Amino acid sequence: MKILAIETSCDDTAIALVEGRAGTRVRTLASVAASQIPIHRRFGGVVPEVAARAHAETIVPLLEELFARCGFDPVRAIKKPPIDAIAVTCGPGLVTSLWVGVTTAKLLAAEWDVPLFGVNHMVGHIYSSLANGAPLPKFPALALIVSGGHTELIWMKNPTSWKKLGATRDDAAGEAFDKFAKVLGLPYPGGPEISRRAIRGNKTAVAFPRPMLRDPHFDFSFAGLKTSGRMWVEAQKKLTPKKIADGCASYQAAIVDVIVAKTMRAITQYKPKTVLLGGGVAANDALRAALAESIGPILHIPEKEFTTDNAAMIGAAAYFTKNKYKSSWRRLVADPSLEIK
């Protein structure tokens with residue numbers, strides 16, 4: 001089964017062709033993306049209307065690029081490419097961005113007369129570690145999603161059963177990274193900038209708080225840490241490169257410690273056979289290393305190209321959960337507040 005997948009939930013336009021086999025594996029045949037980071041960097045963050053306009057300008061050229069990479073005849077491909085279905089992110093995300101992808105997918109599904117799957121973006125992150133050939137893992141499984149807007153622990157009895165054990169009460173880990181980077185004067189996006197500087201820093205140099213570290217529940221909160229980071233920056237008479245490196249290392253360590261502790265508590269209580277990591281912050285080397293050391297071989301870590309918003313993970317999620325997400329091009333709508341359920 002070949003699925004053309006489209007992702008436009010925020011500021012990355014992405015299209016992929018994935019192939020599912022025997023119900024247990026997905027292989028990414030081709031994946032293309034256009035980042036809007038240079039566009040939004042001057043604003044210090046994503047501007048929704050600007051993002052939507054960039055998606056609209058980019059999505060058709062990207063589709064043509066994907067067809068070329070797959071070796072499709074351009075004339076025949078436009079009429080109807082050799083695919084079996086279309087998958088698209090329908091939420092959560094920026095509503096203006098989502099509608100570009102959803103509208104494109106609806107039009108193509110109607111024109112080519114193929115099934116359409118409207119996929120939850122967060123479920124895509126859950127399946128990101130399976131987007132390039134890894135077999136469907138053993139269940140029950142625990143999914144950890146760490147992204148700009150979400151930090152969540154999801155319990156999965158099977159591939160289409162999701163129960164939220166814990167979520168962000170205020171700011172997610174990715175948001176906390178980006179805001180700390182902004183007060184430090186680092187370029188957008190802030191998370192990778194903090195990670196790069198943290199390598200040269202001392203993670204015990206600043207005693208940043210670990211919010212809810214010892215609380216018995218599985219919820220997360222990083223608003224207090226974000227405030228502490230801002231106050232620390234304001235208290236510095238001069239931000240030298242060494243101080244910035246130490247601050248980044250200490251701030252990153254605080255976030256990693258909380259995420260690892262909460263995840264390990266959930267593992268101890270629920271005893272999953274598999275732990276699935278996903279989300280943009282899953283690209284953070286310190287987090288990847290700490291989770292791998294604490295959890296061991298049952299942890300599935302996505303390749304870095306599948307941690308940020310990409311279409312391959314949307315195709316993988318559609319394949320493994322196709323009976324749950326099948327829709328009609330007449331009925332599918334974008335839902336910026338879509339929940340996992």
# chains A, B, ... in the order shown; residues from 1 in each chain; ligands from 1
$ closest_atom_pairs --of "segment 202-313 of chain A" --to "segment 10-28 of chain A" --cutoff "10 Å" --atoms "only C-alpha atoms" --output "Markdown table"
| residue | atom | partner | partner_atom | distance |
| --- | --- | --- | --- | --- |
| A:Thr308 | CA | A:Asp12 | CA | 8.8 |
| A:Asp309 | CA | A:Asp12 | CA | 6.5 |
| A:Asn310 | CA | A:Ala14 | CA | 5.5 |
| A:Ala311 | CA | A:Ile15 | CA | 5.1 |
| A:Ala312 | CA | A:Ala16 | CA | 5.3 |
| A:Met313 | CA | A:Ala16 | CA | 8.8 |
$ write_last_selection --atoms "C-alpha atoms" --output "mmCIF file, in the first residue's frame"
data_model
loop_
_atom_site.group_PDB
_atom_site.id
_atom_site.type_symbol
_atom_site.label_atom_id
_atom_site.label_comp_id
_atom_site.auth_asym_id
_atom_site.auth_seq_id
_atom_site.Cartn_x
_atom_site.Cartn_y
_atom_site.Cartn_z
ATOM 1 C CA THR A 308 10.785 17.527 13.319
ATOM 2 C CA ASP A 309 7.498 17.976 11.445
ATOM 3 C CA ASN A 310 7.633 15.661 8.431
ATOM 4 C CA ALA A 311 5.202 13.869 6.168
ATOM 5 C CA ALA A 312 6.728 10.389 6.464
ATOM 6 C CA MET A 313 5.501 10.036 10.043
#
$ residues_around --residues "segment 225-239 of chain A" --least-positions-apart "4" --cutoff "9 Å" --atoms "only C-alpha atoms" --output "list in words"
Asp171, Glu175, Ala176, Phe177, Lys179, Phe180, Val183, Leu184, Val206, Phe208, Pro209, Arg210, Pro211, Ser221, Lys243, Ile244, Gly247, Tyr251, Ala254 and Ile255 of chain A
$ closest_residue --among "A:Thr96, A:Thr89, A:Thr8, A:Asn120" --to "Val47 of chain A" --atoms "only C-alpha atoms"
A:Thr96
$ atom_distance --atom1 "atom CA of Ala167 of chain A" --atom2 "atom CA of Ala51 of chain A"
26.5 Å
$ select_by_dssp --residues "segment 73-256 of chain A" --states "strand (DSSP E)" --output "VMD selection string"
chain A and resid 85 to 91 116 to 120 141 to 146 151 to 156 163 to 166
$ write_last_selection --atoms "N, CA and C atoms" --output "PDB file, in the first residue's frame"
ATOM      1  N   ALA A  85      -3.552   5.742  -1.555  1.00  0.00           N
ATOM      2  CA  ALA A  85      -4.289   6.583  -0.622  1.00  0.00           C
ATOM      3  C   ALA A  85      -3.516   7.874  -0.377  1.00  0.00           C
ATOM      4  N   ILE A  86      -4.196   8.831   0.237  1.00  0.00           N
ATOM      5  CA  ILE A  86      -3.578  10.095   0.644  1.00  0.00           C
ATOM      6  C   ILE A  86      -3.804  10.274   2.145  1.00  0.00           C
ATOM      7  N   ALA A  87      -2.772  10.715   2.846  1.00  0.00           N
ATOM      8  CA  ALA A  87      -2.885  11.034   4.270  1.00  0.00           C
ATOM      9  C   ALA A  87      -2.474  12.480   4.464  1.00  0.00           C
ATOM     10  N   VAL A  88      -3.144  13.172   5.383  1.00  0.00           N
ATOM     11  CA  VAL A  88      -2.818  14.574   5.635  1.00  0.00           C
ATOM     12  C   VAL A  88      -3.021  14.892   7.112  1.00  0.00           C
ATOM     13  N   THR A  89      -2.171  15.745   7.636  1.00  0.00           N
ATOM     14  CA  THR A  89      -2.360  16.236   9.001  1.00  0.00           C
ATOM     15  C   THR A  89      -3.577  17.151   9.035  1.00  0.00           C
ATOM     16  N   CYS A  90      -4.544  16.825   9.917  1.00  0.00           N
ATOM     17  CA  CYS A  90      -5.742  17.670  10.018  1.00  0.00           C
ATOM     18  C   CYS A  90      -5.807  18.382  11.370  1.00  0.00           C
ATOM     19  N   GLY A  91      -4.816  18.193  12.238  1.00  0.00           N
ATOM     20  CA  GLY A  91      -4.755  18.861  13.524  1.00  0.00           C
ATOM     21  C   GLY A  91      -3.885  18.063  14.483  1.00  0.00           C
ATOM     22  N   LEU A 116      -8.868   8.802   1.616  1.00  0.00           N
ATOM     23  CA  LEU A 116      -8.218   9.921   2.301  1.00  0.00           C
ATOM     24  C   LEU A 116      -8.210   9.657   3.794  1.00  0.00           C
ATOM     25  N   PHE A 117      -7.060   9.881   4.424  1.00  0.00           N
ATOM     26  CA  PHE A 117      -6.922   9.718   5.868  1.00  0.00           C
ATOM     27  C   PHE A 117      -6.538  11.056   6.495  1.00  0.00           C
ATOM     28  N   GLY A 118      -7.356  11.523   7.434  1.00  0.00           N
ATOM     29  CA  GLY A 118      -7.029  12.732   8.185  1.00  0.00           C
ATOM     30  C   GLY A 118      -6.347  12.335   9.479  1.00  0.00           C
ATOM     31  N   VAL A 119      -5.059  12.645   9.618  1.00  0.00           N
ATOM     32  CA  VAL A 119      -4.229  12.112  10.702  1.00  0.00           C
ATOM     33  C   VAL A 119      -3.964  13.164  11.770  1.00  0.00           C
ATOM     34  N   ASN A 120      -4.033  12.738  13.032  1.00  0.00           N
ATOM     35  CA  ASN A 120      -3.649  13.588  14.152  1.00  0.00           C
ATOM     36  C   ASN A 120      -2.122  13.742  14.152  1.00  0.00           C
ATOM     37  N   ALA A 141       2.336  -0.277  24.872  1.00  0.00           N
ATOM     38  CA  ALA A 141       3.476   0.622  24.689  1.00  0.00           C
ATOM     39  C   ALA A 141       3.208   1.957  25.386  1.00  0.00           C
ATOM     40  N   LEU A 142       4.289   2.619  25.739  1.00  0.00           N
ATOM     41  CA  LEU A 142       4.219   3.962  26.296  1.00  0.00           C
ATOM     42  C   LEU A 142       4.844   4.919  25.289  1.00  0.00           C
ATOM     43  N   ALA A 143       4.106   5.950  24.903  1.00  0.00           N
ATOM     44  CA  ALA A 143       4.636   6.947  23.963  1.00  0.00           C
ATOM     45  C   ALA A 143       4.962   8.238  24.712  1.00  0.00           C
ATOM     46  N   LEU A 144       6.148   8.766  24.452  1.00  0.00           N
ATOM     47  CA  LEU A 144       6.569  10.048  25.004  1.00  0.00           C
ATOM     48  C   LEU A 144       6.705  11.036  23.860  1.00  0.00           C
ATOM     49  N   ILE A 145       5.869  12.078  23.855  1.00  0.00           N
ATOM     50  CA  ILE A 145       5.915  13.112  22.824  1.00  0.00           C
ATOM     51  C   ILE A 145       6.482  14.386  23.444  1.00  0.00           C
ATOM     52  N   VAL A 146       7.569  14.884  22.878  1.00  0.00           N
ATOM     53  CA  VAL A 146       8.205  16.096  23.401  1.00  0.00           C
ATOM     54  C   VAL A 146       8.399  17.053  22.227  1.00  0.00           C
ATOM     55  N   THR A 151       4.117  18.181  25.638  1.00  0.00           N
ATOM     56  CA  THR A 151       4.951  17.211  26.344  1.00  0.00           C
ATOM     57  C   THR A 151       3.967  16.251  26.986  1.00  0.00           C
ATOM     58  N   GLU A 152       3.879  15.033  26.457  1.00  0.00           N
ATOM     59  CA  GLU A 152       2.813  14.117  26.852  1.00  0.00           C
ATOM     60  C   GLU A 152       3.322  12.687  26.989  1.00  0.00           C
ATOM     61  N   LEU A 153       2.674  11.959  27.880  1.00  0.00           N
ATOM     62  CA  LEU A 153       2.887  10.516  28.012  1.00  0.00           C
ATOM     63  C   LEU A 153       1.575   9.835  27.647  1.00  0.00           C
ATOM     64  N   ILE A 154       1.633   8.954  26.656  1.00  0.00           N
ATOM     65  CA  ILE A 154       0.441   8.289  26.121  1.00  0.00           C
ATOM     66  C   ILE A 154       0.564   6.780  26.322  1.00  0.00           C
ATOM     67  N   TRP A 155      -0.477   6.179  26.882  1.00  0.00           N
ATOM     68  CA  TRP A 155      -0.506   4.724  27.058  1.00  0.00           C
ATOM     69  C   TRP A 155      -1.249   4.091  25.892  1.00  0.00           C
ATOM     70  N   MET A 156      -0.654   3.053  25.289  1.00  0.00           N
ATOM     71  CA  MET A 156      -1.228   2.402  24.108  1.00  0.00           C
ATOM     72  C   MET A 156      -1.376   0.899  24.357  1.00  0.00           C
ATOM     73  N   LYS A 163      -4.426   6.486  25.517  1.00  0.00           N
ATOM     74  CA  LYS A 163      -4.900   7.071  26.765  1.00  0.00           C
ATOM     75  C   LYS A 163      -3.836   8.023  27.287  1.00  0.00           C
ATOM     76  N   LYS A 164      -4.195   9.275  27.459  1.00  0.00           N
ATOM     77  CA  LYS A 164      -3.237  10.278  27.906  1.00  0.00           C
ATOM     78  C   LYS A 164      -3.019  10.143  29.412  1.00  0.00           C
ATOM     79  N   LEU A 165      -1.796   9.795  29.791  1.00  0.00           N
ATOM     80  CA  LEU A 165      -1.444   9.664  31.204  1.00  0.00           C
ATOM     81  C   LEU A 165      -1.055  11.000  31.814  1.00  0.00           C
ATOM     82  N   GLY A 166      -0.396  11.820  31.041  1.00  0.00           N
ATOM     83  CA  GLY A 166       0.052  13.119  31.524  1.00  0.00           C
ATOM     84  C   GLY A 166       0.309  14.064  30.370  1.00  0.00           C
TER      85      GLY A 166
END
$ atom_distance --atom1 "atom CA of Glu111 of chain A" --atom2 "atom CA of Ala52 of chain A"
23.0 Å
$ atom_distance --atom1 "atom CA of Pro48 of chain A" --atom2 "atom CA of Ser327 of chain A"
26.2 Å
$ residues_around --residues "segment 195-200 of chain A" --least-positions-apart "4" --cutoff "7 Å" --atoms "only C-alpha atoms" --output "PDB file with N, CA and C atoms, in the first residue's frame"
ATOM      1  N   GLY A 191      15.712  25.933  20.470  1.00  0.00           N
ATOM      2  CA  GLY A 191      16.104  24.629  21.010  1.00  0.00           C
ATOM      3  C   GLY A 191      17.449  24.125  20.512  1.00  0.00           C
ATOM      4  N   ALA A 245      26.956  29.316  27.876  1.00  0.00           N
ATOM      5  CA  ALA A 245      27.108  27.862  27.755  1.00  0.00           C
ATOM      6  C   ALA A 245      26.678  27.167  29.037  1.00  0.00           C
ATOM      7  N   ASP A 246      27.087  27.703  30.194  1.00  0.00           N
ATOM      8  CA  ASP A 246      26.702  27.110  31.477  1.00  0.00           C
ATOM      9  C   ASP A 246      25.193  27.212  31.697  1.00  0.00           C
ATOM     10  N   CYS A 248      22.863  27.409  29.378  1.00  0.00           N
ATOM     11  CA  CYS A 248      22.196  26.479  28.449  1.00  0.00           C
ATOM     12  C   CYS A 248      22.297  25.040  28.945  1.00  0.00           C
ATOM     13  N   ALA A 249      23.477  24.643  29.406  1.00  0.00           N
ATOM     14  CA  ALA A 249      23.672  23.280  29.890  1.00  0.00           C
ATOM     15  C   ALA A 249      22.813  23.003  31.122  1.00  0.00           C
ATOM     16  N   ASN A 284      17.013  16.338  20.491  1.00  0.00           N
ATOM     17  CA  ASN A 284      17.994  16.812  21.462  1.00  0.00           C
ATOM     18  C   ASN A 284      18.884  15.653  21.925  1.00  0.00           C
TER      19      ASN A 284
END
$ residues_around --residues "segment 42-44 of chain A" --least-positions-apart "3" --cutoff "8 Å" --atoms "only C-alpha atoms" --output "MDAnalysis selection string"
chainID A and resid 38:39 47 182 187:189
$ write_last_selection --atoms "C-alpha atoms" --output "CSV table (one decimal), in the first residue's frame"
chain,number,residue,atom,x,y,z
A,38,PRO,CA,14.6,31.9,7.4
A,39,ILE,CA,11.2,33.6,6.9
A,47,VAL,CA,3.7,34.2,12.2
A,182,LYS,CA,15.1,34.3,23.1
A,187,PRO,CA,18.6,32.9,17.0
A,188,TYR,CA,15.2,31.2,16.3
A,189,PRO,CA,14.6,28.3,16.6
$ residues_around --residues "Ile83 of chain A" --least-positions-apart "3" --cutoff "9 Å" --atoms "only C-alpha atoms" --output "number ranges by chain"
A: 1-4, 17, 80, 86, 114
$ write_last_selection --atoms "N, CA and C atoms" --output "JSON list (two decimals), in the first residue's frame"
[["chain", "number", "residue", "atom", "x", "y", "z"],
["A", 1, "MET", "N", 0.85, -1.19, 0.00],
["A", 1, "MET", "CA", 0.00, 0.00, 0.00],
["A", 1, "MET", "C", 0.88, 1.24, 0.00],
["A", 2, "LYS", "N", 0.74, 2.07, -1.03],
["A", 2, "LYS", "CA", 1.52, 3.31, -1.13],
["A", 2, "LYS", "C", 0.64, 4.51, -0.74],
["A", 3, "ILE", "N", 1.16, 5.30, 0.19],
["A", 3, "ILE", "CA", 0.40, 6.44, 0.71],
["A", 3, "ILE", "C", 1.18, 7.72, 0.45],
["A", 4, "LEU", "N", 0.52, 8.70, -0.18],
["A", 4, "LEU", "CA", 1.08, 10.03, -0.34],
["A", 4, "LEU", "C", 0.67, 10.83, 0.90],
["A", 17, "LEU", "N", 6.19, 9.93, 0.26],
["A", 17, "LEU", "CA", 5.55, 8.72, -0.25],
["A", 17, "LEU", "C", 6.06, 7.57, 0.58],
["A", 80, "LYS", "N", -2.92, 10.92, -12.40],
["A", 80, "LYS", "CA", -3.10, 10.04, -11.25],
["A", 80, "LYS", "C", -1.82, 9.25, -11.03],
["A", 86, "ILE", "N", -4.20, 8.83, 0.24],
["A", 86, "ILE", "CA", -3.58, 10.09, 0.64],
["A", 86, "ILE", "C", -3.80, 10.27, 2.14],
["A", 114, "VAL", "N", -9.07, 8.35, -4.67],
["A", 114, "VAL", "CA", -8.37, 7.45, -3.74],
["A", 114, "VAL", "C", -8.82, 7.75, -2.32]]
